[in-house]
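File shown: my_file-v2.cif (mmCIF, C-alpha atoms).
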```
data_start
loop_
_atom_site.group_PDB
_atom_site.id
_atom_site.type_symbol
_atom_site.label_atom_id
_atom_site.label_comp_id
_atom_site.auth_asym_id
_atom_site.auth_seq_id
_atom_site.Cartn_x
_atom_site.Cartn_y
_atom_site.Cartn_z
ATOM 1 C CA MET A 803 0.000 0.000 0.000
ATOM 2 C CA LYS A 804 1.211 3.479 -0.820
ATOM 3 C CA ILE A 805 0.726 5.858 2.097
ATOM 4 C CA LEU A 806 0.096 9.259 0.570
ATOM 5 C CA ASN A 807 1.319 11.508 3.363
ATOM 6 C CA TYR A 808 4.107 10.668 5.764
ATOM 7 C CA ASP A 809 7.381 11.922 7.096
ATOM 8 C CA ASN A 810 10.171 10.184 8.945
ATOM 9 C CA THR A 811 8.298 10.040 12.248
ATOM 10 C CA GLU A 812 8.890 6.964 14.403
ATOM 11 C CA TYR A 813 5.618 5.226 15.253
ATOM 12 C CA ASP A 814 4.386 2.988 18.027
ATOM 13 C CA ILE A 815 1.732 1.076 16.078
ATOM 14 C CA ILE A 816 -1.601 0.031 17.584
ATOM 15 C CA VAL A 817 -3.436 -2.346 15.241
ATOM 16 C CA VAL A 818 -7.242 -2.302 15.482
ATOM 17 C CA ALA A 819 -9.239 -4.959 13.633
ATOM 18 C CA GLY A 820 -12.674 -6.567 13.600
ATOM 19 C CA GLN A 821 -16.200 -5.395 12.897
ATOM 20 C CA SER A 822 -18.585 -2.601 13.914
ATOM 21 C CA ASN A 823 -17.814 -2.261 17.629
ATOM 22 C CA ALA A 824 -14.135 -1.964 16.681
ATOM 23 C CA PHE A 825 -15.035 0.532 13.953
ATOM 24 C CA GLY A 826 -16.984 2.512 16.539
ATOM 25 C CA ASN A 827 -20.721 3.133 16.625
ATOM 26 C CA GLY A 828 -21.103 4.559 20.118
ATOM 27 C CA LEU A 829 -23.868 7.124 20.579
ATOM 28 C CA GLY A 830 -24.804 9.373 23.471
ATOM 29 C CA GLY A 831 -22.962 11.782 25.714
ATOM 30 C CA THR A 832 -19.693 11.625 27.590
ATOM 31 C CA ASP A 833 -17.914 13.463 30.372
ATOM 32 C CA ASN A 834 -14.603 13.032 28.526
ATOM 33 C CA PRO A 835 -14.954 14.355 24.963
ATOM 34 C CA TRP A 836 -12.145 13.341 22.633
ATOM 35 C CA LYS A 837 -9.511 16.021 22.121
ATOM 36 C CA GLU A 838 -7.348 15.698 19.039
ATOM 37 C CA ARG A 839 -3.621 15.639 19.688
ATOM 38 C CA GLU A 840 -0.603 15.693 17.410
ATOM 39 C CA ASP A 841 1.003 12.611 18.937
ATOM 40 C CA VAL A 842 -1.963 10.277 18.280
ATOM 41 C CA LEU A 843 -2.459 9.589 14.580
ATOM 42 C CA MET A 844 -4.518 7.155 12.534
ATOM 43 C CA LEU A 845 -3.763 5.296 9.305
ATOM 44 C CA LYS A 846 -6.907 4.858 7.228
ATOM 45 C CA ASN A 847 -7.811 3.261 3.932
ATOM 46 C CA ASP A 848 -11.142 4.394 2.505
ATOM 47 C CA PHE A 849 -13.559 1.710 1.363
ATOM 48 C CA VAL A 850 -17.100 1.138 0.182
ATOM 49 C CA THR A 851 -19.281 -1.822 1.060
ATOM 50 C CA CYS A 852 -21.897 -3.687 -0.923
ATOM 51 C CA HIS A 853 -24.439 -6.032 0.666
ATOM 52 C CA LYS A 854 -24.912 -9.344 -1.094
ATOM 53 C CA ARG A 855 -27.566 -11.958 -0.322
ATOM 54 C CA PRO A 856 -26.375 -15.445 -1.343
ATOM 55 C CA THR A 857 -29.548 -16.919 0.167
ATOM 56 C CA GLU A 858 -32.632 -15.496 1.853
ATOM 57 C CA ASP A 859 -31.120 -16.274 5.256
ATOM 58 C CA THR A 860 -27.655 -14.791 4.714
ATOM 59 C CA VAL A 861 -26.284 -11.347 3.972
ATOM 60 C CA TYR A 862 -22.613 -10.964 3.159
ATOM 61 C CA ILE A 863 -20.689 -7.750 2.715
ATOM 62 C CA ASP A 864 -18.277 -7.191 -0.140
ATOM 63 C CA ILE A 865 -15.556 -4.617 0.481
ATOM 64 C CA ASN A 866 -13.863 -2.544 -2.181
ATOM 65 C CA ALA A 867 -11.011 -0.495 -0.759
ATOM 66 C CA GLN A 868 -8.836 2.135 -2.365
ATOM 67 C CA GLU A 869 -5.256 1.208 -3.127
ATOM 68 C CA ASP A 870 -3.764 4.077 -1.130
ATOM 69 C CA GLY A 871 -3.821 4.890 2.566
ATOM 70 C CA TYR A 872 -3.391 8.153 4.445
ATOM 71 C CA ILE A 873 -2.382 9.287 7.922
ATOM 72 C CA GLU A 874 -4.280 11.941 9.844
ATOM 73 C CA VAL A 875 -4.636 13.183 13.402
ATOM 74 C CA ALA A 876 -6.913 10.647 15.090
ATOM 75 C CA LYS A 877 -10.465 11.918 15.362
ATOM 76 C CA GLU A 878 -13.955 10.744 16.126
ATOM 77 C CA ARG A 879 -16.292 10.039 13.244
ATOM 78 C CA TYR A 880 -19.091 12.557 12.767
ATOM 79 C CA ASP A 881 -22.552 11.318 11.803
ATOM 80 C CA GLN A 882 -24.408 14.041 9.899
ATOM 81 C CA ARG A 883 -27.741 12.235 10.147
ATOM 82 C CA LEU A 884 -27.570 12.058 13.940
ATOM 83 C CA ASP A 885 -25.601 15.313 14.275
ATOM 84 C CA GLN A 886 -23.142 13.877 16.765
ATOM 85 C CA THR A 887 -19.694 12.369 17.001
ATOM 86 C CA ILE A 888 -19.390 8.587 17.273
ATOM 87 C CA GLY A 889 -17.293 6.881 19.922
ATOM 88 C CA ASN A 890 -14.327 4.603 19.208
ATOM 89 C CA PHE A 891 -12.534 2.558 21.884
ATOM 90 C CA SER A 892 -9.157 2.656 20.124
ATOM 91 C CA LEU A 893 -8.936 6.414 20.713
ATOM 92 C CA THR A 894 -9.168 5.963 24.475
ATOM 93 C CA PHE A 895 -6.597 3.174 24.344
ATOM 94 C CA ALA A 896 -4.196 5.266 22.242
ATOM 95 C CA LYS A 897 -4.520 8.294 24.524
ATOM 96 C CA MET A 898 -3.757 6.236 27.613
ATOM 97 C CA TYR A 899 -0.881 4.518 25.832
ATOM 98 C CA ALA A 900 0.609 7.833 24.680
ATOM 99 C CA ASP A 901 0.320 9.360 28.144
ATOM 100 C CA LYS A 902 2.186 6.495 29.805
ATOM 101 C CA TYR A 903 4.450 4.811 27.266
ATOM 102 C CA LEU A 904 5.159 7.105 24.337
ATOM 103 C CA LYS A 905 8.783 8.261 24.291
ATOM 104 C CA ASP A 906 9.969 11.680 23.113
ATOM 105 C CA GLY A 907 10.200 11.963 19.337
ATOM 106 C CA ARG A 908 7.722 9.137 18.701
ATOM 107 C CA LYS A 909 4.001 9.133 17.943
ATOM 108 C CA ALA A 910 1.225 6.608 18.404
ATOM 109 C CA LEU A 911 -0.250 5.403 15.107
ATOM 110 C CA ILE A 912 -3.581 3.584 15.117
ATOM 111 C CA VAL A 913 -3.669 1.315 12.066
ATOM 112 C CA PHE A 914 -7.425 1.293 11.660
ATOM 113 C CA THR A 915 -8.650 -1.783 9.764
ATOM 114 C CA PRO A 916 -12.150 -2.780 11.047
ATOM 115 C CA VAL A 917 -15.283 -2.909 8.886
ATOM 116 C CA GLY A 918 -18.778 -3.352 10.291
ATOM 117 C CA GLY A 919 -20.807 -6.479 9.595
ATOM 118 C CA THR A 920 -17.806 -8.645 8.778
ATOM 119 C CA GLY A 921 -16.634 -12.039 9.972
ATOM 120 C CA PHE A 922 -15.322 -15.443 9.054
ATOM 121 C CA VAL A 923 -18.623 -16.781 7.704
ATOM 122 C CA GLY A 924 -18.687 -13.947 5.185
ATOM 123 C CA LYS A 925 -15.087 -14.714 4.182
ATOM 124 C CA HIS A 926 -13.612 -11.422 5.334
ATOM 125 C CA TRP A 927 -10.918 -12.294 7.881
ATOM 126 C CA GLY A 928 -9.518 -15.619 6.671
ATOM 127 C CA GLN A 929 -5.932 -15.603 5.435
ATOM 128 C CA GLU A 930 -6.976 -15.373 1.781
ATOM 129 C CA ASP A 931 -9.809 -12.900 2.398
ATOM 130 C CA LYS A 932 -10.007 -9.206 1.539
ATOM 131 C CA LEU A 933 -9.998 -7.665 4.996
ATOM 132 C CA TYR A 934 -7.229 -9.889 6.299
ATOM 133 C CA LEU A 935 -5.049 -9.043 3.292
ATOM 134 C CA ARG A 936 -5.950 -5.353 3.578
ATOM 135 C CA MET A 937 -5.019 -5.389 7.261
ATOM 136 C CA ARG A 938 -1.691 -7.037 6.474
ATOM 137 C CA ASP A 939 -1.006 -4.487 3.757
ATOM 138 C CA MET A 940 -1.797 -1.546 6.040
ATOM 139 C CA VAL A 941 0.309 -2.861 8.933
ATOM 140 C CA ASP A 942 3.256 -3.831 6.742
ATOM 141 C CA SER A 943 3.171 -0.464 4.971
ATOM 142 C CA ALA A 944 3.180 1.374 8.305
ATOM 143 C CA LEU A 945 6.135 -0.663 9.536
ATOM 144 C CA LYS A 946 8.123 0.117 6.383
ATOM 145 C CA LEU A 947 7.788 3.875 6.815
ATOM 146 C CA ASN A 948 10.621 3.876 9.338
ATOM 147 C CA LYS A 949 12.987 1.106 10.411
ATOM 148 C CA ASN A 950 12.295 2.013 14.052
ATOM 149 C CA ASN A 951 8.528 1.601 13.802
ATOM 150 C CA LYS A 952 7.120 -1.192 15.957
ATOM 151 C CA ILE A 953 3.781 -2.830 16.769
ATOM 152 C CA VAL A 954 2.953 -2.398 20.440
ATOM 153 C CA ALA A 955 -0.569 -3.866 20.638
ATOM 154 C CA TYR A 956 -3.178 -5.749 18.608
ATOM 155 C CA LEU A 957 -6.794 -4.902 19.507
ATOM 156 C CA TRP A 958 -9.459 -7.263 18.154
ATOM 157 C CA HIS A 959 -13.211 -6.966 18.508
ATOM 158 C CA GLN A 960 -15.258 -9.301 16.340
ATOM 159 C CA GLY A 961 -17.623 -12.252 16.455
ATOM 160 C CA GLU A 962 -21.138 -10.826 16.592
ATOM 161 C CA HIS A 963 -21.671 -11.328 12.881
ATOM 162 C CA ASP A 964 -20.505 -14.934 12.989
ATOM 163 C CA GLY A 965 -22.923 -15.538 15.848
ATOM 164 C CA TYR A 966 -25.681 -14.080 13.702
ATOM 165 C CA GLU A 967 -24.761 -15.891 10.486
ATOM 166 C CA ASN A 968 -24.457 -19.198 12.352
ATOM 167 C CA ARG A 969 -27.640 -18.609 14.359
ATOM 168 C CA ASN A 970 -29.191 -21.869 13.090
ATOM 169 C CA LEU A 971 -26.256 -23.959 14.311
ATOM 170 C CA SER A 972 -25.959 -25.712 17.642
ATOM 171 C CA TYR A 973 -23.608 -24.427 20.335
ATOM 172 C CA GLU A 974 -21.081 -27.087 19.314
ATOM 173 C CA GLY A 975 -21.391 -26.220 15.631
ATOM 174 C CA SER A 976 -20.891 -22.511 16.221
ATOM 175 C CA ARG A 977 -18.027 -23.135 18.630
ATOM 176 C CA ASP A 978 -16.204 -25.514 16.303
ATOM 177 C CA PHE A 979 -16.559 -23.151 13.349
ATOM 178 C CA TYR A 980 -15.280 -20.099 15.187
ATOM 179 C CA ASP A 981 -12.559 -22.038 16.971
ATOM 180 C CA GLU A 982 -11.093 -23.221 13.671
ATOM 181 C CA LYS A 983 -11.273 -19.845 11.952
ATOM 182 C CA PHE A 984 -10.161 -17.695 14.873
ATOM 183 C CA THR A 985 -7.308 -20.045 15.752
ATOM 184 C CA GLU A 986 -5.974 -19.779 12.208
ATOM 185 C CA PHE A 987 -6.300 -16.000 12.346
ATOM 186 C CA PHE A 988 -4.698 -15.631 15.776
ATOM 187 C CA ASN A 989 -1.822 -17.974 14.969
ATOM 188 C CA SER A 990 -1.072 -16.120 11.753
ATOM 189 C CA ILE A 991 -0.922 -12.779 13.574
ATOM 190 C CA ARG A 992 1.476 -14.208 16.128
ATOM 191 C CA GLU A 993 3.635 -15.907 13.514
ATOM 192 C CA ILE A 994 3.923 -12.806 11.345
ATOM 193 C CA TYR A 995 4.163 -10.008 13.906
ATOM 194 C CA GLY A 996 5.734 -11.807 16.834
ATOM 195 C CA GLN A 997 4.770 -13.710 19.955
ATOM 196 C CA ASN A 998 5.425 -10.698 22.177
ATOM 197 C CA VAL A 999 2.781 -8.348 20.773
ATOM 198 C CA PRO A 1000 -0.061 -8.152 23.319
ATOM 199 C CA PHE A 1001 -3.345 -9.358 21.804
ATOM 200 C CA ILE A 1002 -6.593 -8.201 23.448
ATOM 201 C CA CYS A 1003 -10.213 -8.920 22.561
ATOM 202 C CA GLY A 1004 -13.597 -8.320 24.187
ATOM 203 C CA GLY A 1005 -17.206 -9.406 24.530
ATOM 204 C CA PHE A 1006 -20.490 -8.224 23.032
ATOM 205 C CA THR A 1007 -23.494 -6.213 24.180
ATOM 206 C CA ASN A 1008 -25.946 -8.058 26.401
ATOM 207 C CA ASP A 1009 -28.659 -7.383 23.806
ATOM 208 C CA THR A 1010 -26.657 -9.175 21.113
ATOM 209 C CA ILE A 1011 -26.061 -12.179 23.355
ATOM 210 C CA GLU A 1012 -29.701 -12.304 24.369
ATOM 211 C CA GLU A 1013 -30.887 -12.335 20.751
ATOM 212 C CA TYR A 1014 -28.442 -14.998 19.519
ATOM 213 C CA ARG A 1015 -27.506 -16.569 22.826
ATOM 214 C CA ILE A 1016 -26.428 -20.063 21.765
ATOM 215 C CA THR A 1017 -24.129 -19.072 18.942
ATOM 216 C CA THR A 1018 -22.719 -15.834 20.410
ATOM 217 C CA GLU A 1019 -21.910 -17.544 23.696
ATOM 218 C CA ALA A 1020 -20.067 -20.186 21.674
ATOM 219 C CA VAL A 1021 -17.975 -17.452 20.034
ATOM 220 C CA ILE A 1022 -17.259 -15.792 23.372
ATOM 221 C CA ASP A 1023 -16.221 -19.112 24.905
ATOM 222 C CA VAL A 1024 -13.720 -19.593 22.066
ATOM 223 C CA LEU A 1025 -12.275 -16.119 22.604
ATOM 224 C CA LYS A 1026 -11.961 -16.662 26.351
ATOM 225 C CA LYS A 1027 -10.314 -20.063 25.908
ATOM 226 C CA LYS A 1028 -7.780 -18.823 23.370
ATOM 227 C CA MET A 1029 -6.822 -15.885 25.552
ATOM 228 C CA GLU A 1030 -6.373 -18.204 28.549
ATOM 229 C CA GLU A 1031 -4.210 -20.618 26.549
ATOM 230 C CA ASN A 1032 -1.746 -18.029 25.249
ATOM 231 C CA LYS A 1033 0.693 -15.571 26.758
ATOM 232 C CA LEU A 1034 0.290 -11.797 26.493
ATOM 233 C CA THR A 1035 -3.403 -12.139 25.743
ATOM 234 C CA LYS A 1036 -6.555 -10.987 27.505
ATOM 235 C CA TYR A 1037 -10.301 -11.278 27.092
ATOM 236 C CA ILE A 1038 -12.219 -8.221 28.341
ATOM 237 C CA ASP A 1039 -15.587 -8.756 29.996
ATOM 238 C CA THR A 1040 -18.330 -6.404 28.786
ATOM 239 C CA SER A 1041 -21.354 -7.721 30.656
ATOM 240 C CA ASP A 1042 -21.837 -4.459 32.584
ATOM 241 C CA LEU A 1043 -21.522 -2.131 29.575
ATOM 242 C CA LYS A 1044 -24.543 -0.451 28.012
ATOM 243 C CA SER A 1045 -25.619 -0.610 24.390
ATOM 244 C CA ASN A 1046 -26.995 2.268 22.339
ATOM 245 C CA LYS A 1047 -30.428 0.739 22.952
ATOM 246 C CA ALA A 1048 -30.040 1.306 26.694
ATOM 247 C CA LEU A 1049 -29.839 5.032 25.937
ATOM 248 C CA GLY A 1050 -33.022 5.009 23.884
ATOM 249 C CA TYR A 1051 -31.606 4.453 20.388
ATOM 250 C CA LYS A 1052 -32.864 1.681 18.127
ATOM 251 C CA ASP A 1053 -29.564 -0.155 18.185
ATOM 252 C CA PRO A 1054 -29.012 -3.127 20.509
ATOM 253 C CA TYR A 1055 -25.814 -4.348 18.861
ATOM 254 C CA HIS A 1056 -23.362 -1.535 19.518
ATOM 255 C CA PHE A 1057 -21.921 -0.196 22.741
ATOM 256 C CA CYS A 1058 -22.836 3.397 23.564
ATOM 257 C CA LYS A 1059 -20.156 6.065 23.472
ATOM 258 C CA ARG A 1060 -19.394 6.001 27.186
ATOM 259 C CA SER A 1061 -19.247 2.204 27.171
ATOM 260 C CA LEU A 1062 -16.717 2.300 24.334
ATOM 261 C CA GLU A 1063 -14.578 4.668 26.370
ATOM 262 C CA VAL A 1064 -14.712 2.239 29.286
ATOM 263 C CA LEU A 1065 -13.886 -0.592 26.892
ATOM 264 C CA GLY A 1066 -10.824 1.312 25.689
ATOM 265 C CA GLU A 1067 -9.774 1.858 29.298
ATOM 266 C CA ARG A 1068 -10.118 -1.857 30.015
ATOM 267 C CA TYR A 1069 -8.157 -2.810 26.928
ATOM 268 C CA PHE A 1070 -5.385 -0.459 28.020
ATOM 269 C CA ASN A 1071 -5.390 -1.640 31.634
ATOM 270 C CA ALA A 1072 -5.032 -5.216 30.389
ATOM 271 C CA PHE A 1073 -2.162 -4.104 28.142
ATOM 272 C CA ASP A 1074 -0.550 -2.194 31.003
ATOM 273 C CA GLN A 1075 -0.698 -5.253 33.248
ATOM 274 C CA MET A 1076 0.937 -7.397 30.575
ATOM 275 C CA ILE A 1077 3.812 -4.910 30.232
ATOM 276 C CA LYS A 1078 4.323 -4.846 34.004
ATOM 277 C CA GLU A 1079 4.414 -8.635 34.146
ATOM 278 C CA LYS A 1080 7.060 -8.727 31.375
ATOM 279 C CA GLN A 1081 9.363 -6.380 33.269
#
```
Since I need it in another form, could you write the structure as structure tokens?
Amino acid sequence: MKILNYDNTEYDIIVVAGQSNAFGNGLGGTDNPWKEREDVLMLKNDFVTCHKRPTEDTVYIDINAQEDGYIEVAKERYDQRLDQTIGNFSLTFAKMYADKYLKDGRKALIVFTPVGGTGFVGKHWGQEDKLYLRMRDMVDSALKLNKNNKIVAYLWHQGEHDGYENRNLSYEGSRDFYDEKFTEFFNSIREIYGQNVPFICGGFTNDTIEEYRITTEAVIDVLKKKMEENKLTKYIDTSDLKSNKALGYKDPYHFCKRSLEVLGERYFNAFDQMIKEKQ
């Protein structure tokens, strides 16, 4: 990938991947509005999505991304229809990381790769799939900008869509499917980018689990098990976090803005604990 605007800045890279709660769809107010800062940047790659319906019971998303990427000061997304900014947990994580770990002369770069409504059933995140390859391209391109660039954390939030697409499966069927696909994904990330990069993932809204309980709980159990089995990994519990629906919006699937901020704090605290244990 060609990154259109860059200088010789040294970056601490925070990779963010997954679907809509990683992309950020948090609505509502906050006591801690995001303030843009010059030492927290974001690498983006614009894309368009197209919904396809292979059968009446399935809806897959096709992604067509531009060839080039660009770096900008990290900012919240603004929704013109709702006339408000939309929360994103990676911003909170990056701010806390920069405040505690960023050294003079370096900047934090969020490599922002998530796309809403995507998963393994839809063939988005497998090793030959578009979003996986796009993520690899974005991360590799960011690393090549400066020989001193390094990945400091990998933040994953995904699985709701696989729970939905596999909603007609048994618990065992959903678990076995996600276990195979996520294990391949996780192992590839570790093999390519190193065993010492902290990998953190989290759970879903209570409304999502309630609607597709059998299959989403199977996905969550896989995530928990994989994080327990590996070093420098952590699963973040979200059972006490509110969805947009809890604030009166017609959206049960996404965490509200304040919940996403808390989620970012929890991701960072897990990261911070891993770093302390390594020292």
Segment 940-999 of chain A near segment 925-933 of chain A within 12 Å: what's each residue's closest atom pair and its distance in Å to one decimal, counting all atoms listed in the file, ordered by chain then ascending residue number, as a tab-separated table?
```
residue	atom	partner	partner_atom	distance
A:Met940	CA	A:Leu933	CA	10.3
A:Trp958	CA	A:Trp927	CA	11.5
A:Gln960	CA	A:Trp927	CA	10.0
A:Gly961	CA	A:Trp927	CA	10.9
A:His963	CA	A:His926	CA	11.0
A:Asp964	CA	A:Lys925	CA	10.3
A:Glu967	CA	A:Lys925	CA	11.6
A:Tyr980	CA	A:Gly928	CA	11.2
A:Glu982	CA	A:Gly928	CA	10.5
A:Lys983	CA	A:Gly928	CA	7.0
A:Phe984	CA	A:Gly928	CA	8.5
A:Thr985	CA	A:Gly928	CA	10.3
A:Glu986	CA	A:Gly928	CA	7.8
A:Phe987	CA	A:Gly928	CA	6.5
A:Phe988	CA	A:Gly928	CA	10.3
A:Asn989	CA	A:Gln929	CA	10.6
A:Ser990	CA	A:Gln929	CA	8.0
A:Ile991	CA	A:Gln929	CA	10.0
A:Ile994	CA	A:Gln929	CA	11.8
```
Assuming 4 Å of padding per side, give the centre and edge lengths of the axis-aligned box around every listed atom of segment 842-852 of chain A, in Å to one decimal and as lines of an AutoDock Vina configuration file.
```
center_x = -11.9
center_y = 3.3
center_z = 8.7
size_x = 27.9
size_y = 22.0
size_z = 27.2
```
Counting only C-alpha atoms, what are the residues of segment 875-930 of chain A within 10 Å of segment 1063-1071 of chain A, and for each of them which pair of atoms is the nearest and at what distance in Å, to one decimal? Sort the table by chain and rising number, as a tab-separated table.
```
residue	atom	partner	partner_atom	distance
A:Gly889	CA	A:Glu1063	CA	7.3
A:Asn890	CA	A:Glu1063	CA	7.2
A:Phe891	CA	A:Gly1066	CA	4.4
A:Ser892	CA	A:Gly1066	CA	6.0
A:Leu893	CA	A:Gly1066	CA	7.4
A:Thr894	CA	A:Gly1066	CA	5.1
A:Phe895	CA	A:Gly1066	CA	4.8
A:Ala896	CA	A:Phe1070	CA	8.2
A:Lys897	CA	A:Phe1070	CA	9.5
A:Met898	CA	A:Phe1070	CA	6.9
A:Tyr899	CA	A:Phe1070	CA	7.1
```
Using the chain letters and numbers from the file, give me the residues hit by the PyMOL selection byres ((chain A and resi 822) around 8), as an mmCIF file with C-alpha atoms, keeping the file's coordinate frame.
```cif
data_model
loop_
_atom_site.group_PDB
_atom_site.id
_atom_site.type_symbol
_atom_site.label_atom_id
_atom_site.label_comp_id
_atom_site.auth_asym_id
_atom_site.auth_seq_id
_atom_site.Cartn_x
_atom_site.Cartn_y
_atom_site.Cartn_z
ATOM 1 C CA GLY A 820 -12.674 -6.567 13.600
ATOM 2 C CA GLN A 821 -16.200 -5.395 12.897
ATOM 3 C CA ASN A 823 -17.814 -2.261 17.629
ATOM 4 C CA ALA A 824 -14.135 -1.964 16.681
ATOM 5 C CA PHE A 825 -15.035 0.532 13.953
ATOM 6 C CA GLY A 826 -16.984 2.512 16.539
ATOM 7 C CA ASN A 827 -20.721 3.133 16.625
ATOM 8 C CA PRO A 916 -12.150 -2.780 11.047
ATOM 9 C CA VAL A 917 -15.283 -2.909 8.886
ATOM 10 C CA GLY A 918 -18.778 -3.352 10.291
ATOM 11 C CA GLY A 919 -20.807 -6.479 9.595
ATOM 12 C CA THR A 920 -17.806 -8.645 8.778
ATOM 13 C CA GLN A 960 -15.258 -9.301 16.340
ATOM 14 C CA HIS A 1056 -23.362 -1.535 19.518
#
```
Would you please work out which residue, of A:Ile888, A:Ile863, A:Leu945, A:Ala876, is nearest to Glu812 of chain A when using all atoms listed in the file? A:Leu945
Point out the residue among A:Tyr995, A:Tyr813, A:Trp836, A:Tyr1055 with the least atom-to-atom distance to Arg908 of chain A, counting all atoms listed in the file.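 Checking each of A:Tyr995, A:Tyr813, A:Trp836, A:Tyr1055 against Arg908 of chain A, counting all atoms listed in the file, the winner is A:Tyr813.
In this comparison, which uses only C-alpha atoms, the residue of A:Asn998, A:Gln1075, A:Thr915, A:Ser972 approaching Val954 of chain A most closely is A:Asn998.
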Atom CA of Lys1033 of chain A and atom CA of Leu1062 of chain A, how far apart in Å?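 Atom-to-atom, atom CA of Leu1062 of chain A and atom CA of Lys1033 of chain A are spaced 25.1 Å apart.
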Could you check which of A:Ile1038, A:Ile805, A:Ile1016, A:Leu1025 is closest to Asp981 of chain A, using only C-alpha atoms?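 Once distances to Asp981 of chain A are computed over only C-alpha atoms, the minimum belongs to A:Leu1025.
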Using atom CA of Gly1004 of chain A and atom CA of Lys946 of chain A as the two end points, give the distance in Å to one decimal.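 Here the two named atoms are 29.3 Å from each other.
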Between atom CA of Lys1044 of chain A and atom CA of Ile865 of chain A, what is the distance, to one decimal in Å?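 Atom CA of Ile865 of chain A lies at a distance of 29.3 Å from atom CA of Lys1044 of chain A.
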Residues returned when the PyMOL selection byres ((chain A and resi 1048) around 12) runs on this file, as a ChimeraX atom specification: /A:828-830,1007-1009,1042-1047,1049-1061
Rank A:Tyr966, A:Gln868, A:Ile912, A:Met803 by their smallest atom-to-atom distance to Met844 of chain A, using all atoms listed in the file, and report the top residue only.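 Among the listed residues, A:Ile912 lies closest to Met844 of chain A.
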Please evaluate the PyMOL selection byres ((chain A and resi 839) around 10) against the structure above and give the resulting residues as a ChimeraX atom specification. /A:836-838,840-843,875-877,897
When you look at segment 806-808 of chain A with a cut-off of 7 Å (counting all atoms listed in the file), what residues show up, excluding the ones that are within fewer than 4 positions of it in the same chain? I need them as a short mmCIF file (atom, residue, chain, number, x, y, z; two decimals) with C-alpha atoms, in the frame of the given file.
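Resulting contents of result.cif:
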```
data_model
loop_
_atom_site.label_atom_id
_atom_site.label_comp_id
_atom_site.auth_asym_id
_atom_site.auth_seq_id
_atom_site.Cartn_x
_atom_site.Cartn_y
_atom_site.Cartn_z
CA ASP A 870 -3.76 4.08 -1.13
CA GLY A 871 -3.82 4.89 2.57
CA TYR A 872 -3.39 8.15 4.44
CA ILE A 873 -2.38 9.29 7.92
#
```
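Among A:Ile953, A:Ala819, A:Ala944, A:Ile1002, the residue with the shortest atom-to-atom distance to Lys1028 of chain A, counting all atoms listed in the file, is A:Ile1002.
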For the point (12.9, 1.8, 9.7) in file coordinates, what residues are within 12 Å, counting all atoms listed in the file? Give the answer as a PyMOL selection string? chain A and resi 809-814+942-952
Written file, previous selection with C-alpha atoms, as a compact mmCIF listing (two decimals), keeping the file's coordinate frame:
```
# COMPACT_ATOMS: atom_id res chain seq x y z
CA ASP A 809 7.38 11.92 7.10
CA ASN A 810 10.17 10.18 8.94
CA THR A 811 8.30 10.04 12.25
CA GLU A 812 8.89 6.96 14.40
CA TYR A 813 5.62 5.23 15.25
CA ASP A 814 4.39 2.99 18.03
CA ASP A 942 3.26 -3.83 6.74
CA SER A 943 3.17 -0.46 4.97
CA ALA A 944 3.18 1.37 8.30
CA LEU A 945 6.14 -0.66 9.54
CA LYS A 946 8.12 0.12 6.38
CA LEU A 947 7.79 3.88 6.82
CA ASN A 948 10.62 3.88 9.34
CA LYS A 949 12.99 1.11 10.41
CA ASN A 950 12.30 2.01 14.05
CA ASN A 951 8.53 1.60 13.80
CA LYS A 952 7.12 -1.19 15.96
```
